[in-house]
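Heads up, the thing below is written out as structure tokens.
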Amino acid sequence: MRKYQREMVENYPSVKKVYDAIAGSRRLGSERTVENYASAIRLFTKFLGFSNPETALKAMLTGEVNAEEKIDAFIDYALDELGKSHGSARSYAFGVKKWLNINGVKVNWAKIEMPSSNIKREEDRAPTKEDLKKLIFHASSSRDRAFIYVASSSGLRIGTLLSLKVGDVNFNYPDVASITVERKSGRKFGSNRSGLAGSIFVTFITPEAKEALKQYLAEREAKGEQLTPDSPLITDVYYKGDFMNVEPYEAVWSRLLQRAGLAEKSQRWHKLHIHTLRKYFRSNCIGVDASYRERWMGHKGLYLDASYFKAEENLHIAEYRKAIPYLTIYAIPTEEKKLKAEMLLNFAKLQGYGDDQLRKLEDILARSKDMDEAITEFRRLKDEAKSVNGNHIIAKGEPELMRRLNEG
């Protein structure tokens, strides 16, 4: 939770009641909703001319301030003077409504015309793979690279991703990794009043995301952090093992957009705001049964219990694997190796390599475990070609001299 909203919950009993009603132990709703409502309460309090919510609430309870009239005026103030969108003004009105209702201020809400929610000023879009490549290239840490890979291939909300622990990730699949999200405070889960909603949802990440995440965790251990299953999956850059809040990471994202040249704004938001990584996931789950995709995204009413997921695990994995080629940001390794091999052979031909050397290069490419090994061998071959001088070969260093002598 952001600092000033958290302070409002801690310092003002009437706001604490709102928190308990939304994200308390009985409800386990989203703290992000509480943040939005706390912002609305603070703005409304300032609009009324009071220094704190408790004083403003007392004035409305005693009739000193006509709450109904002031709320109606507040909506116009938000729209006309602050220039807020209809959606934002509507959200403010609902936040104030929740606060007043739960603290006993009676208002005839039927007389108050709420802003319509169908006017949208802000525009966003799903990032393309080229956008994500730019962001990864300009990311200043392995943490931010891992974040982009994981968020774009899992469909997780930012608040949920930042609340995960290392133990929530299962790396024990041959290709992908799975992430289990349990119902708890601060994570957006649907209502379970019907008794049909489960306590978890499970999503997956692509092989490249899995590798990026493993590298990030290994780097943290190399820097001296003691990782346990309870350690935060995403932490600060100081290797202290602290959980991150949404607000600081949104600032990280904003700076990253600036460096990548992707900081175009609609109105107040960036068109590629951080939640568009979730939009990327949804639009690239191509060929996947929609019901599975919605479960992976943790949408309302599609949660499971652990035993039910275990029975369906193979079906989930098989369905997710259909989307891997579309979710993967860079070419999958076999395609990448094939492309680089073709480029290397073409380059060798342009350099005037003979048929024997080209056949040798093809053999190197076929047996090399990866392109780095192949390129190293290729450079050695290239040096050999340049070092031939009549009937003599120039050996570079004593080890190569001994090898040449042994070869005759």
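Chain labels follow the order of the structure tokens: the first chain is A, the next B, and so on; residue numbering restarts at 1 in every chain, and ligands are counted from 1 in their shown order.
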Quick one: residues within 8 Å of segment 161-170 of chain A, only C-alpha atoms counted, chain neighbours fewer than 6 positions away excluded, as a compact mmCIF listing (two decimals) with C-alpha atoms, in the first residue's frame?
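Printed below is selection.txt as written:
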```txt
# COMPACT_ATOMS: atom_id res chain seq x y z
CA ALA A 151 4.57 -10.51 -16.06
CA ALA A 177 7.53 -23.01 -14.48
CA SER A 178 4.24 -22.68 -12.61
CA ILE A 179 3.17 -19.98 -10.14
CA THR A 180 0.53 -20.68 -7.49
CA VAL A 181 -1.42 -17.69 -6.18
CA LEU A 227 16.89 -17.07 -0.15
CA THR A 228 14.18 -19.19 1.45
CA PRO A 229 10.71 -20.25 0.22
CA ASP A 230 9.36 -17.22 2.14
CA SER A 231 11.70 -14.71 0.46
CA PRO A 232 10.01 -12.20 -1.88
CA LEU A 233 10.13 -13.26 -5.51
CA ILE A 234 10.71 -9.65 -6.61
CA THR A 235 12.63 -7.40 -4.24
CA PHE A 243 8.92 -6.89 -0.49
CA MET A 244 8.20 -4.06 -2.92
CA ASN A 245 5.02 -2.00 -3.04
CA VAL A 246 3.25 -1.13 -6.26
```
Original post:
Do you know which residues are at most 7 Å from Lys240 of chain A counting only C-alpha atoms, after dropping those on the same chain fewer than 2 positions away, and could you put them as JSON, numbers by chain?
Top reply: {"A": [225, 238, 242]}
**OP:** Per DSSP on the backbone, filter segment 98-211 of chain A down to the residues in strand (DSSP E or B) and report them as a VMD selection string.
**Re:** chain A and resid 165 169 to 170 177 to 182 200 to 205
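For Glu69 of chain A, the list of residues within 12 Å, based on only C-alpha atoms and with local chain neighbours fewer than 3 positions off taken out, reads Leu48, Met60, Gly63, Val65, Asn66, Asp72, Ala73, Phe74, Ile75, Asp76, Val107, Asn108, Trp109, Lys111, Ile112 and Glu113 of chain A.
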Subject >> Non-local contacts of Asp131 of chain A (8 Å; only C-alpha atoms; under 4 positions in same chain excluded) as a PyMOL selection string >> reply: chain A and resi 127+135+262
